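Some notes on the structure that comes next.
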Amino acid sequence: MGREIISMVENGEVTVSEALSLLKRSYTGTNQPKHELTKNEKLAAIKQQLDSLIGLHSVKELINEIQAYVEIQQRRTAVNLASDPVVLHMIFMGNPGSGKTTVARIIGQLFLEMGVLQKGHLVEVERADLVAEYIGQTAQRTREQLRKASGGILFIDEAYSLARGGEKDFGKEAIDTIVKTMEDQRTNLVVILAGYSAPMEEFLETNPGLRSRFPIIIRFPDYTTFELFRIAEQMLREREYQLSKAARRKLLSIIEGLKRKDAKNFGNARTIRNLIERAIRKQAVRLVHLKNPTRAQLMEITPEDLQEVSDD
Amino acid sequence: MKKVIVVGQPNVGKTLFCLNFAEFLGMQSVTINFESYERGCSSRVITISEARPLLVNDHEHQTLDIQSMVLTMPWGKSVKQFELIDTTGLADRIDFESQIRKAMAQTLQFMRQADVVFHILDCFKVAQLGYLKGIGEIDYQIAQFGQLKKGYIILANKIDLPQAQEGLDRITLEFPGNKVIGISALTKKGFKEVREVARQLL
């Protein structure tokens, strides 16, 4: 409670006086132990974080399912009922900038609180972190990453690149090492293979053993135009900027244009972030000559600040 | 070790009070622990006379770190140690700069944990601007919050300036039931009384 109030001051949501009067109400005295969040409250906070992500309805639903499943398996174990071993290795499919890494991070926190993982951290790797140049080194390098990720999540981006390069490529060795470790170390490590949808499907086709070892497949849909717009607004709010009315219209039309032009390769949320950051810089250039810009001026983004960015 | 926190509006003389009170208690140099929101902790041994020009300044929000020092006070035949914590000024408006907001939030955090609150008011300002402007909403809130603590004292600072006595009287009226001591952080007037009160509370 107290911590929340204090972070409200930090975010400029309440004045210090208001915060003090709130604190007074929640005050419990100095000698009593500090109020620790209970497990349920922490879980709720993480769920809240997940819910605050815009769009991604199917993803949220699936994560809810997983959470419920894990919870029930734990309870069944507690009363000595037969329970399935919980295999939580996952495959994330989706276009760039559709929220895969963000969701992986939240899942790490969630599993930590649920007691599935001991640390819940995220180790993000790609082909170069796993595959070495010479024979015999790949397994070593891969094991090193697996050791780092132990107790958390190993997030392999563009996982299909491990299968590229044909028979003699060491990528195969990396996959084998990972699968071996997954079998040996059934608990306390979650491996997530991530990548674009089409090559990912192909990857799974060519490695039929993988599908059964990664039972959870989460597909990240592309954001709709309006969702992208809301993401933009959220980003601006976090950075304490505001769109003027005309700028809102312009932003919507820019997003629509981008989406129409190149629906397939459209970088989703990442493009939006670039757009916003560009606008913030433009606004800065516009204001830098003003002598005494007001608070409102410093916050406002006008249509001329917004410009299409080429997404490359 | 008991924690004594010094709070108040910006520029009422919190830092100067802390340094001079340390000197008054017989310290020549102090180890100041700086606890900053962004840069973490650091500590520094410094003589009081060096610290004064370094840390005290006419600008608002000169202090953005939590500056704490451990002081000793004679206590019967032995001494008693306590921590004196200097904080960022608490202002009523929501500050535009996030750094200052964070510093204020940090101050609140420490205030929750403190045992004794020294609330500094500027009685010269109260005399000059009238109590409506001189005493802010924030001061009333600090007073209310402070009363929940083991000890809460109002220190009406800048009593050495002309007309300040009026301000002191006004403050005494405005905060009935609280201990109000007129002090001058600059000339160390009233420090003896502060020491006596502190001795009882610690």
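Going by the structure tokens order, chains are called A, B, ..., each with residues numbered from 1, while ligands are numbered from 1 in the order shown.
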
task = Identify all residues of region 126-190 of chain B in helix (DSSP H, G or I) (DSSP on the backbone) and supply them as a PyMOL selection string.
result = chain B and resi 126-129+131-134+137-146+164-174

key: Spatial neighbours of Leu155 (chain B), max dist 6 Å, only C-alpha atoms, sep filter under 6 positions, as a VMD selection string   = chain B and resid 119 to 120 180 to 182

File dump, residues just selected, N, CA and C atoms, as a compact mmCIF listing (two decimals), in the first residue's frame:
# COMPACT_ATOMS: atom_id res chain seq x y z
N HIS B 119 10.27 18.71 12.00
CA HIS B 119 9.61 19.40 10.90
C HIS B 119 10.05 20.86 10.92
N ILE B 120 10.73 21.27 9.89
CA ILE B 120 11.27 22.64 9.88
C ILE B 120 10.33 23.56 9.10
N VAL B 180 6.73 23.36 19.63
CA VAL B 180 7.33 24.24 18.63
C VAL B 180 8.54 24.92 19.26
N ILE B 181 9.68 24.82 18.61
CA ILE B 181 10.89 25.46 19.10
C ILE B 181 11.38 26.45 18.05
N GLY B 182 11.59 27.69 18.47
CA GLY B 182 12.16 28.67 17.55
C GLY B 182 13.66 28.48 17.49

task = Measuring atom to atom with only C-alpha atoms, identify which of B:Tyr140, B:Phe124, B:Phe145, B:Phe110 is nearest to Ile66 (chain B).
result = B:Phe110

What residues in chain B have any atom no more than 10 Å from chain A when counting only C-alpha atoms, and can you write them as a short mmCIF file (atom, residue, chain, number, x, y, z; two decimals) with C-alpha atoms, in the first residue's frame?
data_model
loop_
_atom_site.label_atom_id
_atom_site.label_comp_id
_atom_site.auth_asym_id
_atom_site.auth_seq_id
_atom_site.Cartn_x
_atom_site.Cartn_y
_atom_site.Cartn_z
CA LEU B 90 8.54 18.56 0.03
CA ALA B 91 6.57 20.92 -2.16
CA ASP B 92 2.87 20.96 -2.74
CA ARG B 93 2.76 21.15 -6.49
CA ILE B 94 3.46 18.11 -8.64
CA ASP B 95 6.88 18.82 -9.96
CA PHE B 96 7.54 18.75 -13.66
CA GLU B 97 10.91 17.08 -13.24
CA SER B 98 10.71 13.40 -12.56
CA GLN B 99 14.01 13.54 -10.73
CA ILE B 100 12.55 15.83 -8.09
CA ARG B 101 9.39 13.76 -7.85
CA LYS B 102 11.49 10.68 -7.27
CA ALA B 103 13.54 12.45 -4.64
CA MET B 104 10.33 13.49 -2.87
CA ALA B 105 8.99 9.97 -3.08
CA GLN B 106 12.21 8.76 -1.53
CA THR B 107 11.79 11.27 1.26
CA LEU B 108 8.32 9.92 1.98
CA GLN B 109 9.75 6.43 2.03
CA MET B 111 9.64 9.31 6.60
CA ARG B 112 7.62 6.15 6.97
CA GLN B 113 10.56 4.41 8.57
CA ALA B 114 11.73 7.20 10.85
CA ASP B 115 11.17 7.23 14.61
CA GLY B 136 1.47 25.17 3.05
CA GLU B 137 -1.05 22.36 2.93
CA ILE B 138 1.98 20.11 2.95
CA ASP B 139 3.00 21.35 6.40
CA TYR B 140 -0.37 20.48 7.90
CA GLN B 141 -0.14 17.05 6.36
CA ILE B 142 3.38 16.53 7.66
CA ALA B 143 2.13 17.55 11.10
CA GLN B 144 -0.72 15.07 10.96
CA PHE B 145 1.56 12.30 9.81
CA GLY B 146 4.29 13.23 12.27
CA GLN B 147 1.95 12.88 15.21
CA LEU B 148 1.77 9.16 14.54
CA LYS B 149 5.48 8.92 15.23
CA LYS B 150 7.24 8.46 18.52
#

How close does each residue of region 206-284 of chain A get to region 82-98 of chain A, giving the shortest atom pair and distance in Å to one decimal for every residue with an atom at most 10 Å away, counting only C-alpha atoms, sorted by chain and residue number, as a Markdown table?
| residue | atom | partner | partner_atom | distance |
| --- | --- | --- | --- | --- |
| A:Leu210 | CA | A:Ile91 | CA | 9.8 |
| A:Arg211 | CA | A:Ile91 | CA | 8.9 |
| A:Ser212 | CA | A:His89 | CA | 9.9 |
| A:Arg213 | CA | A:His89 | CA | 7.1 |
| A:Phe214 | CA | A:His89 | CA | 4.9 |
| A:Pro215 | CA | A:Met90 | CA | 6.5 |
| A:Ile216 | CA | A:Met90 | CA | 4.7 |
| A:Ile217 | CA | A:Ile91 | CA | 4.7 |
| A:Ile218 | CA | A:Phe92 | CA | 5.0 |
| A:Arg219 | CA | A:Met93 | CA | 4.8 |
| A:Phe220 | CA | A:Gly94 | CA | 4.6 |
| A:Pro221 | CA | A:Gly94 | CA | 6.3 |
| A:Asp222 | CA | A:Ser98 | CA | 6.3 |
| A:Tyr223 | CA | A:Ser98 | CA | 7.2 |
| A:Lys264 | CA | A:Asn95 | CA | 8.5 |
| A:Asn265 | CA | A:Asn95 | CA | 7.8 |
| A:Phe266 | CA | A:Pro96 | CA | 8.2 |
| A:Gly267 | CA | A:Gly97 | CA | 5.7 |
| A:Asn268 | CA | A:Gly97 | CA | 5.1 |
| A:Ala269 | CA | A:Gly97 | CA | 4.9 |
| A:Arg270 | CA | A:Gly97 | CA | 5.0 |
| A:Thr271 | CA | A:Gly97 | CA | 7.7 |
| A:Ile272 | CA | A:Gly97 | CA | 9.2 |
| A:Arg273 | CA | A:Gly97 | CA | 9.7 |

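Omitting region 116-125 of chain A and its sequence neighbours fewer than 4 positions away, and counting only C-alpha atoms, the residues within 6 Å are A:Gly108, A:Gln109, A:Phe111, A:Leu112, A:Asp129, A:Ala149, A:Gly151, A:Gly152, A:Ile153, A:Leu154, A:Phe155, A:Ile156, A:Asn188.
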
task = Find, counting only C-alpha atoms, the residue in A:Lys172, A:Lys42, A:Lys261, A:Arg76 that gets nearest to Ala132 (chain A).
result = A:Lys172

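Taking CA of Ile66 (chain A) and CA of Thr102 (chain A) as endpoints, the distance between them is 17.1 Å.
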